[in-house]
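A.B. asks: What follows is data.cif, mmCIF, C-alpha atoms.
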```
data_work
#
loop_
_atom_site.label_atom_id
_atom_site.label_comp_id
_atom_site.auth_asym_id
_atom_site.auth_seq_id
_atom_site.Cartn_x
_atom_site.Cartn_y
_atom_site.Cartn_z
CA MET A 1 8.54 29.60 1.52
CA LYS A 2 7.38 26.85 -0.75
CA ILE A 3 8.52 23.21 -0.90
CA GLU A 4 7.94 21.55 -4.27
CA VAL A 5 7.20 18.02 -3.14
CA ARG A 6 7.66 16.56 -6.65
CA LYS A 7 11.38 17.21 -6.26
CA PHE A 8 11.41 14.20 -3.92
CA GLY A 9 9.85 12.05 -6.62
CA GLU A 10 6.64 11.68 -8.56
CA ILE A 11 5.56 8.41 -6.92
CA LEU A 12 5.83 8.75 -3.16
CA THR A 13 4.72 5.64 -1.30
CA SER A 14 7.10 4.33 1.35
CA ARG A 15 7.82 5.44 4.88
CA THR A 16 11.54 5.08 4.40
CA GLU A 17 11.49 7.52 1.49
CA GLY A 18 9.18 9.88 3.35
CA ARG A 19 11.43 9.84 6.37
CA GLU A 20 14.48 10.58 4.24
CA ALA A 21 12.65 13.44 2.52
CA TYR A 22 11.75 14.90 5.91
CA LEU A 23 15.30 14.68 7.19
CA VAL A 24 16.67 16.37 4.07
CA SER A 25 14.04 19.10 4.28
CA ARG A 26 14.75 19.72 7.93
CA ALA A 27 18.43 20.11 7.20
CA TYR A 28 18.02 22.56 4.33
CA LEU A 29 14.83 24.38 5.24
CA LYS A 30 15.77 27.91 6.26
CA PRO A 31 12.70 30.15 6.57
CA ALA A 32 13.53 33.86 6.38
CA ARG A 33 11.30 34.69 9.35
CA ASP A 34 10.00 32.83 12.38
CA ASP A 35 6.43 33.35 11.24
CA GLU A 36 6.95 32.59 7.55
CA PRO A 37 4.47 29.98 6.24
CA ILE A 38 5.92 26.70 4.92
CA GLU A 39 3.84 25.77 1.89
CA LEU A 40 3.81 22.23 0.51
CA ASP A 41 3.15 22.28 -3.24
CA PHE A 42 2.08 18.86 -4.54
CA GLY A 43 2.00 19.92 -8.20
CA GLY A 44 3.58 17.24 -10.39
CA VAL A 45 3.18 14.48 -7.79
CA LYS A 46 1.53 11.48 -9.46
CA VAL A 47 1.03 9.15 -6.49
CA LEU A 48 1.08 9.95 -2.78
CA THR A 49 0.25 7.58 0.08
CA PRO A 50 -0.32 8.10 3.80
CA SER A 51 2.86 6.19 4.63
CA TRP A 52 5.12 8.65 2.80
CA ALA A 53 3.09 11.67 3.86
CA ASP A 54 2.92 10.61 7.48
CA GLU A 55 6.69 10.63 7.78
CA PHE A 56 7.18 13.84 5.80
CA ILE A 57 4.24 16.01 6.85
CA SER A 58 4.03 14.87 10.45
CA GLY A 59 7.73 15.52 10.87
CA LEU A 60 7.52 19.03 9.47
CA ARG A 61 4.32 19.75 11.38
CA ALA A 62 5.99 18.84 14.64
CA GLU A 63 8.58 21.55 13.94
CA TYR A 64 6.52 24.22 12.23
CA GLY A 65 2.99 23.62 13.57
CA LYS A 66 0.33 25.75 11.92
CA ARG A 67 2.90 27.47 9.74
CA LEU A 68 2.87 24.32 7.61
CA VAL A 69 0.27 24.63 4.85
CA CYS A 70 -0.65 21.98 2.25
CA LEU A 71 -1.60 23.75 -0.99
CA PRO A 72 -4.67 22.44 -2.85
CA SER A 73 -4.13 19.65 -5.37
CA SER A 74 -6.33 18.00 -7.98
CA ASN A 75 -4.51 14.66 -7.77
CA PRO A 76 -6.88 12.08 -6.20
CA THR A 77 -4.15 10.31 -4.24
CA VAL A 78 -2.95 13.61 -2.77
CA ILE A 79 -6.51 14.57 -1.84
CA ALA A 80 -7.24 11.18 -0.25
CA THR A 81 -3.93 11.12 1.59
CA LEU A 82 -4.29 14.64 2.99
CA GLU A 83 -7.80 13.79 4.21
CA ILE A 84 -6.17 11.17 6.43
CA VAL A 85 -2.80 12.69 7.24
CA GLY A 86 -3.19 16.40 6.53
CA MET B 1 3.03 -6.61 -18.07
CA ASN B 2 2.33 -10.11 -16.89
CA PRO B 3 1.55 -12.47 -19.78
CA ASN B 4 -0.29 -14.94 -17.55
CA THR B 5 -3.96 -14.74 -16.79
CA MET B 6 -5.37 -13.52 -13.52
CA LYS B 7 -6.67 -17.03 -12.80
CA GLU B 8 -3.21 -18.57 -13.27
CA GLN B 9 -1.61 -15.96 -11.06
CA ILE B 10 -4.25 -16.32 -8.34
CA GLU B 11 -3.57 -20.06 -8.22
CA ALA B 12 0.22 -19.73 -8.33
CA SER B 13 0.51 -16.96 -5.74
CA TYR B 14 -2.03 -18.54 -3.39
CA ALA B 15 -0.17 -21.84 -3.54
CA TRP B 16 3.01 -19.98 -2.63
CA VAL B 17 1.53 -18.41 0.53
CA THR B 18 -0.35 -21.50 1.68
CA ARG B 19 2.31 -24.16 1.26
CA HIS B 20 5.34 -24.35 3.46
CA LYS B 21 7.71 -23.85 0.59
CA THR B 22 7.17 -23.67 -3.11
CA PRO B 23 9.57 -22.34 -5.69
CA SER B 24 8.79 -18.86 -6.89
CA GLU B 25 9.57 -17.31 -10.22
CA ASP B 26 11.95 -14.38 -10.49
CA ASN B 27 9.55 -12.36 -12.59
CA VAL B 28 6.87 -12.35 -9.91
CA MET B 29 9.05 -11.80 -6.85
CA ALA B 30 10.20 -8.43 -5.56
CA ALA B 31 12.78 -9.72 -3.11
CA THR B 32 13.74 -6.26 -1.88
CA ARG B 33 11.99 -2.95 -1.42
CA ASP B 34 14.07 -1.43 -4.24
CA ILE B 35 12.77 -4.00 -6.70
CA PHE B 36 9.23 -3.49 -5.47
CA ARG B 37 9.61 0.26 -5.90
CA ALA B 38 10.89 -0.07 -9.46
CA ARG B 39 8.00 -2.36 -10.38
CA LEU B 40 5.52 0.03 -8.80
CA ASP B 41 6.70 2.68 -11.27
CA ARG B 42 5.92 0.25 -14.10
CA VAL B 43 2.49 -0.44 -12.65
CA TYR B 44 1.72 3.27 -12.68
CA LYS B 45 2.87 3.66 -16.28
CA GLU B 46 0.86 0.69 -17.52
CA LEU B 47 -2.28 1.48 -15.54
CA THR B 48 -2.35 5.11 -16.68
CA ARG B 49 -1.54 4.52 -20.35
CA PRO B 50 -4.28 6.05 -22.51
CA PRO B 51 -7.14 5.40 -22.85
CA ARG B 52 -6.99 4.30 -19.23
CA SER B 53 -7.85 6.87 -16.55
CA GLU B 54 -4.82 8.55 -15.01
CA ALA B 55 -6.73 9.18 -11.78
CA GLU B 56 -7.85 5.56 -11.47
CA GLY B 57 -4.37 4.25 -12.26
CA ALA B 58 -2.86 6.56 -9.65
CA LEU B 59 -5.29 5.38 -6.97
CA LEU B 60 -4.65 1.70 -7.73
CA THR B 61 -0.90 2.36 -7.65
CA ALA B 62 -1.27 4.07 -4.27
CA ILE B 63 -3.15 1.07 -2.86
CA ALA B 64 -0.54 -1.33 -4.22
CA GLY B 65 2.14 0.89 -2.70
CA GLU B 66 0.56 0.74 0.74
CA ILE B 67 -0.01 -3.01 0.73
CA GLY B 68 3.34 -3.82 -0.85
CA ASN B 69 5.34 -1.60 1.45
CA ASN B 70 3.60 -3.25 4.41
CA CYS B 71 5.16 -6.54 3.28
CA PHE B 72 8.57 -5.06 3.92
CA ASP B 73 7.74 -2.74 6.83
CA HIS B 74 6.33 -5.54 8.97
CA ASN B 75 8.43 -8.50 7.92
CA LEU B 76 12.05 -7.40 7.79
CA GLY B 77 13.80 -10.05 9.85
CA GLN B 78 10.51 -11.94 10.22
CA TRP B 79 10.24 -13.86 6.93
CA ARG B 80 9.26 -17.51 7.32
CA ASP B 81 11.64 -18.54 4.55
CA GLU B 82 11.55 -16.62 1.28
CA MET B 83 11.91 -12.86 1.69
CA GLY B 84 10.08 -10.34 -0.39
CA CYS B 85 6.76 -9.71 -2.00
CA TRP B 86 5.00 -11.59 -4.79
CA PHE B 87 4.00 -8.67 -7.01
CA ILE B 88 2.32 -9.21 -10.32
CA TRP B 89 -0.31 -7.35 -12.29
CA GLY B 90 -2.21 -7.41 -15.53
CA ILE B 91 -5.05 -5.91 -17.49
CA ASP B 92 -7.97 -8.03 -18.69
CA GLY B 93 -10.13 -5.88 -20.92
CA ALA B 94 -11.23 -2.90 -18.84
CA THR B 95 -10.18 -4.50 -15.54
CA ALA B 96 -6.78 -4.03 -13.99
CA TRP B 97 -5.70 -6.61 -11.41
CA ILE B 98 -2.79 -6.67 -8.98
CA ILE B 99 -1.71 -9.53 -6.72
CA LEU B 100 0.51 -8.93 -3.69
CA ALA B 101 1.59 -11.66 -1.28
CA ASP B 102 4.25 -12.35 1.29
CA ARG B 103 5.45 -15.20 3.44
CA GLY B 104 5.93 -13.06 6.50
CA GLN B 105 4.58 -13.16 10.05
CA GLY B 106 0.97 -12.33 9.09
CA VAL B 107 -1.37 -9.72 10.53
CA LEU B 108 -2.35 -11.59 13.73
CA SER B 109 1.23 -12.10 14.79
CA SER B 110 1.97 -8.43 14.17
CA LEU B 111 -1.08 -6.83 15.81
CA GLY B 112 -1.54 -9.42 18.55
CA ARG B 113 1.66 -8.18 20.18
CA VAL B 114 0.33 -4.63 20.62
CA ASP B 115 -3.26 -5.56 21.46
CA PRO B 116 -3.59 -8.88 23.32
CA SER B 117 -7.38 -8.76 22.91
CA ILE B 118 -6.83 -9.60 19.23
CA ARG B 119 -6.80 -13.40 19.23
CA THR B 120 -7.90 -14.56 15.78
CA ASP B 121 -6.83 -13.91 12.22
CA GLN B 122 -10.23 -12.39 11.47
CA GLN B 123 -10.09 -10.06 14.47
CA ALA B 124 -6.65 -8.96 13.36
CA LEU B 125 -7.81 -8.17 9.83
CA ASP B 126 -10.90 -6.36 11.07
CA ALA B 127 -8.71 -4.22 13.33
CA ALA B 128 -6.13 -3.58 10.64
CA PHE B 129 -8.73 -2.20 8.25
CA SER B 130 -10.77 -0.22 10.76
CA ARG B 131 -8.55 0.93 13.63
CA ILE B 132 -5.44 3.09 13.75
CA ILE B 133 -3.20 0.34 15.01
CA SER B 134 0.19 -0.93 13.92
CA GLY B 135 2.39 -3.82 14.87
CA ARG B 136 5.30 -1.40 14.83
CA SER B 137 4.36 0.20 18.13
CA PRO B 138 5.49 2.60 19.56
CA GLU B 139 5.89 4.15 16.11
CA LYS B 140 2.79 6.15 15.21
CA ARG B 141 1.54 4.25 12.20
CA GLY B 142 -1.61 2.53 11.10
CA ASN B 143 -3.32 4.76 8.54
CA GLY B 144 -2.40 2.80 5.44
CA LEU B 145 -5.11 0.15 5.35
CA LYS B 146 -7.79 2.67 6.33
CA PHE B 147 -6.69 4.65 3.27
CA VAL B 148 -6.92 1.47 1.20
CA LYS B 149 -10.43 0.77 2.50
CA ARG B 150 -11.59 4.30 1.76
CA ILE B 151 -10.27 4.25 -1.80
CA VAL B 152 -11.63 0.79 -2.63
CA ASN B 153 -15.04 1.64 -1.22
CA GLY B 154 -15.08 4.91 -3.14
CA ASN B 155 -15.85 3.30 -6.50
CA SER B 156 -18.17 0.38 -7.20
CA LYS B 157 -15.77 -0.99 -9.81
CA ARG B 158 -12.90 -1.39 -7.36
CA GLY B 159 -12.47 -4.47 -5.24
CA LEU B 160 -10.04 -5.98 -2.76
CA PHE B 161 -9.72 -9.50 -1.39
CA PHE B 162 -7.23 -9.57 1.49
CA SER B 163 -6.32 -12.69 3.44
CA SER B 164 -3.98 -13.52 6.30
CA GLY B 165 -3.96 -16.78 8.24
CA LYS B 166 -7.57 -17.97 8.12
CA GLY B 167 -8.99 -14.46 8.06
CA ARG B 168 -10.22 -12.65 5.00
CA ILE B 169 -11.76 -9.34 4.08
CA VAL B 170 -13.57 -8.41 0.90
CA LEU B 171 -14.03 -4.74 0.07
CA GLY B 172 -15.96 -3.33 -2.87
CA SER B 173 -16.80 -5.55 -5.81
CA LEU B 174 -14.57 -8.32 -7.14
CA GLY B 175 -16.65 -8.99 -10.23
CA PRO B 176 -17.67 -12.40 -11.55
CA SER B 177 -14.27 -13.41 -12.95
CA ALA B 178 -12.37 -12.82 -9.73
CA GLU B 179 -15.25 -14.07 -7.56
CA ALA B 180 -15.00 -17.41 -9.31
CA ASN B 181 -11.28 -17.72 -8.73
CA VAL B 182 -10.46 -16.29 -5.31
CA PRO B 183 -10.09 -18.78 -2.45
CA GLN B 184 -13.52 -19.66 -1.10
CA PRO B 185 -14.52 -19.08 2.55
CA SER B 186 -15.00 -22.81 3.06
CA SER B 187 -11.32 -23.41 2.48
CA ALA B 188 -9.46 -24.45 5.62
CA THR B 189 -6.14 -23.42 4.13
CA ALA B 190 -4.24 -20.77 6.06
CA VAL B 191 -2.20 -18.05 4.38
CA PHE B 192 1.35 -17.88 5.75
CA GLY B 193 1.72 -14.10 5.69
CA THR B 194 -0.67 -12.10 3.54
CA TRP B 195 -2.31 -12.46 0.14
CA ALA B 196 -4.19 -9.69 -1.65
CA LEU B 197 -6.01 -9.30 -4.95
CA LEU B 198 -6.80 -5.73 -6.01
CA LEU B 199 -9.14 -4.94 -8.89
CA GLY B 200 -10.07 -1.71 -10.60
CA GLU B 201 -10.78 -0.06 -13.89
#
```
With the file now loaded, output its structure as structure tokens.
C.D. replies:
Amino acid sequence: MKIEVRKFGEILTSRTEGREAYLVSRAYLKPARDDEPIELDFGGVKVLTPSWADEFISGLRAEYGKRLVCLPSSNPTVIATLEIVG
Amino acid sequence: MNPNTMKEQIEASYAWVTRHKTPSEDNVMAATRDIFRARLDRVYKELTRPPRSEAEGALLTAIAGEIGNNCFDHNLGQWRDEMGCWFIWGIDGATAWIILADRGQGVLSSLGRVDPSIRTDQQALDAAFSRIISGRSPEKRGNGLKFVKRIVNGNSKRGLFFSSGKGRIVLGSLGPSAEANVPQPSSATAVFGTWALLLGE
């Protein structure tokens, strides 16, 4: 299943917002199968920072491990952030 | 956008973080994270307005987001007096500039608690920009300023002057205009909290 990250906002910078996004996702994320990949789609995100991503991605990764996949993005802030956090 | 010049804002913001108490102006202060967040949206819009580069504006906004959010993340309940972040920006020709400052506990006070070997302001800044370390231990944080360093060093037209206490770090290129106006290393004045000047295209 795919998570459209832009639905949490286009400018994603703070830990508090990232944490809230993670908690909401955890509550509503219902994969159909235990081995179903969880894809993070960063299309439409304008600004991403390690602080937001650390809370969101690290939280999901702790639950879903290698099933969590960050889809490629051309946004330079997404690329730079995923190099550090991803 | 800020109508004042970069020079005027450097002087005003630096005076604010180096004196025990000076009045601030409402239009430069983001007293809460919500206000900071709303102004960060404006920064993005103004820095990416054509013909400016959307990619460059996004990267500068991301850096400002990391530094500005640190003001709140590390100083809630720790402000010396005035809470919030001095947050002002402008565009001079092709150069965008952003100033962020706070009257919080400063980097040494924050990192010195988690690593007692850090004893000076300069050691604290060096660690903050090069090691994965955070004053908010045991939370696993500390990537933000490494991200900032990587982005600033990734383009010769970006620059960052960051000061806390009597420590300072210069990354990238500040350019002649900013070089002439940033606080000089000979200054004995200590920054109460942090003060940063970010430059880019």
A.B. asks: Could you check how far atom CA of Gly154 of chain B sits from atom CA of Trp89 of chain B, in Å to one decimal?
C.D. replies: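 Distance between the two atoms: 21.3 Å.
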A.B. asks: Can you list, as a PDB file with C-alpha atoms, keeping the file's coordinate frame, the residues that the PyMOL selection byres ((chain A and resi 18) around 7) selects here?
C.D. replies:
```
ATOM      1  CA  SER A  14       7.100   4.330   1.350  1.00  0.00           C
ATOM      2  CA  ARG A  15       7.820   5.440   4.880  1.00  0.00           C
ATOM      3  CA  THR A  16      11.540   5.080   4.400  1.00  0.00           C
ATOM      4  CA  GLU A  17      11.490   7.520   1.490  1.00  0.00           C
ATOM      5  CA  ARG A  19      11.430   9.840   6.370  1.00  0.00           C
ATOM      6  CA  GLU A  20      14.480  10.580   4.240  1.00  0.00           C
ATOM      7  CA  ALA A  21      12.650  13.440   2.520  1.00  0.00           C
ATOM      8  CA  TYR A  22      11.750  14.900   5.910  1.00  0.00           C
ATOM      9  CA  TRP A  52       5.120   8.650   2.800  1.00  0.00           C
ATOM     10  CA  ALA A  53       3.090  11.670   3.860  1.00  0.00           C
ATOM     11  CA  GLU A  55       6.690  10.630   7.780  1.00  0.00           C
ATOM     12  CA  PHE A  56       7.180  13.840   5.800  1.00  0.00           C
TER      13      PHE A  56
END
```
A.B. asks: Determine, counting only C-alpha atoms, which protein, DNA and RNA residues have an atom within 10 Å of an atom of Phe192 of chain B; residues of the same chain fewer than 4 positions away are not included. Present the result as an MDAnalysis selection string.
C.D. replies: chainID B and resid 14 16:20 79:80 101:107 163:166
A.B. asks: Using the chain letters and numbers from the file, give me the residues hit by the PyMOL selection byres ((chain B) within 8 of (chain A)), as a list in words.
C.D. replies: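 Selected by the PyMOL selection byres ((chain B) within 8 of (chain A)) in this file: Asp41, Ala55, Ala58, Leu59, Thr61, Ala62, Ile63, Gly65, Glu66, Asn69, Arg141, Asn143, Gly144, Phe147 and Ile151 of chain B.
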A.B. asks: Using only C-alpha atoms, pick whichever of B:Phe87, B:Tyr44, B:Phe161, B:Trp195 has the shortest atom-to-atom distance to Val148 of chain B.
C.D. replies: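 Nearest candidate to Val148 of chain B out of B:Phe87, B:Tyr44, B:Phe161, B:Trp195: B:Phe161.
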A.B. asks: Find the residues around Lys66 of chain A up to 10 Å (all atoms listed in the file counted), leave out those fewer than 5 positions away in its own chain, and share them as a PyMOL selection string.
C.D. replies: chain A and resi 35+37-38+61
A.B. asks: Rounded to one decimal place, report the atom CA of Val69 of chain A-atom CA of Ile132 of chain B distance in Å.
C.D. replies: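 Interatomic distance here is 24.0 Å.
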A.B. asks: Please enumerate the residues selected by the PyMOL selection byres ((chain B and resi 197) around 12) when evaluated against the supplied file, formatted as a VMD selection string.
C.D. replies: chain B and resid 6 to 7 9 to 11 13 to 14 60 63 to 64 67 to 68 86 to 90 96 to 101 152 158 to 163 168 to 175 178 to 179 181 to 183 194 to 196 198 to 200
A.B. asks: Dump C-alpha atoms for the selected residues as a CSV table (one decimal), in the frame of the given file?
C.D. replies:
```csv
chain,number,residue,atom,x,y,z
B,6,MET,CA,-5.4,-13.5,-13.5
B,7,LYS,CA,-6.7,-17.0,-12.8
B,9,GLN,CA,-1.6,-16.0,-11.1
B,10,ILE,CA,-4.2,-16.3,-8.3
B,11,GLU,CA,-3.6,-20.1,-8.2
B,13,SER,CA,0.5,-17.0,-5.7
B,14,TYR,CA,-2.0,-18.5,-3.4
B,60,LEU,CA,-4.6,1.7,-7.7
B,63,ILE,CA,-3.2,1.1,-2.9
B,64,ALA,CA,-0.5,-1.3,-4.2
B,67,ILE,CA,0.0,-3.0,0.7
B,68,GLY,CA,3.3,-3.8,-0.8
B,86,TRP,CA,5.0,-11.6,-4.8
B,87,PHE,CA,4.0,-8.7,-7.0
B,88,ILE,CA,2.3,-9.2,-10.3
B,89,TRP,CA,-0.3,-7.4,-12.3
B,90,GLY,CA,-2.2,-7.4,-15.5
B,96,ALA,CA,-6.8,-4.0,-14.0
B,97,TRP,CA,-5.7,-6.6,-11.4
B,98,ILE,CA,-2.8,-6.7,-9.0
B,99,ILE,CA,-1.7,-9.5,-6.7
B,100,LEU,CA,0.5,-8.9,-3.7
B,101,ALA,CA,1.6,-11.7,-1.3
B,152,VAL,CA,-11.6,0.8,-2.6
B,158,ARG,CA,-12.9,-1.4,-7.4
B,159,GLY,CA,-12.5,-4.5,-5.2
B,160,LEU,CA,-10.0,-6.0,-2.8
B,161,PHE,CA,-9.7,-9.5,-1.4
B,162,PHE,CA,-7.2,-9.6,1.5
B,163,SER,CA,-6.3,-12.7,3.4
B,168,ARG,CA,-10.2,-12.6,5.0
B,169,ILE,CA,-11.8,-9.3,4.1
B,170,VAL,CA,-13.6,-8.4,0.9
B,171,LEU,CA,-14.0,-4.7,0.1
B,172,GLY,CA,-16.0,-3.3,-2.9
B,173,SER,CA,-16.8,-5.6,-5.8
B,174,LEU,CA,-14.6,-8.3,-7.1
B,175,GLY,CA,-16.6,-9.0,-10.2
B,178,ALA,CA,-12.4,-12.8,-9.7
B,179,GLU,CA,-15.2,-14.1,-7.6
B,181,ASN,CA,-11.3,-17.7,-8.7
B,182,VAL,CA,-10.5,-16.3,-5.3
B,183,PRO,CA,-10.1,-18.8,-2.4
B,194,THR,CA,-0.7,-12.1,3.5
B,195,TRP,CA,-2.3,-12.5,0.1
B,196,ALA,CA,-4.2,-9.7,-1.6
B,198,LEU,CA,-6.8,-5.7,-6.0
B,199,LEU,CA,-9.1,-4.9,-8.9
B,200,GLY,CA,-10.1,-1.7,-10.6
```
A.B. asks: Pop segment 53-67 of chain A out of the structure in the block and write C-alpha atoms as a PDB file, in the first residue's frame.
C.D. replies:
```pdb
ATOM      1  CA  ALA A  53      11.364  12.449   8.519  1.00  0.00           C
ATOM      2  CA  ASP A  54      13.162  11.028  11.529  1.00  0.00           C
ATOM      3  CA  GLU A  55       9.960  10.950  13.537  1.00  0.00           C
ATOM      4  CA  PHE A  56       7.793   9.678  10.691  1.00  0.00           C
ATOM      5  CA  ILE A  57      10.041   7.222   8.858  1.00  0.00           C
ATOM      6  CA  SER A  58      11.892   5.881  11.873  1.00  0.00           C
ATOM      7  CA  GLY A  59       8.592   5.235  13.609  1.00  0.00           C
ATOM      8  CA  LEU A  60       7.152   3.336  10.663  1.00  0.00           C
ATOM      9  CA  ARG A  61      10.409   1.483  10.076  1.00  0.00           C
ATOM     10  CA  ALA A  62      10.415   0.241  13.643  1.00  0.00           C
ATOM     11  CA  GLU A  63       7.025  -1.361  12.956  1.00  0.00           C
ATOM     12  CA  TYR A  64       7.350  -2.474   9.358  1.00  0.00           C
ATOM     13  CA  GLY A  65      11.117  -2.949   8.911  1.00  0.00           C
ATOM     14  CA  LYS A  66      12.172  -3.687   5.353  1.00  0.00           C
ATOM     15  CA  ARG A  67       8.582  -3.600   4.159  1.00  0.00           C
TER      16      ARG A  67
END
```
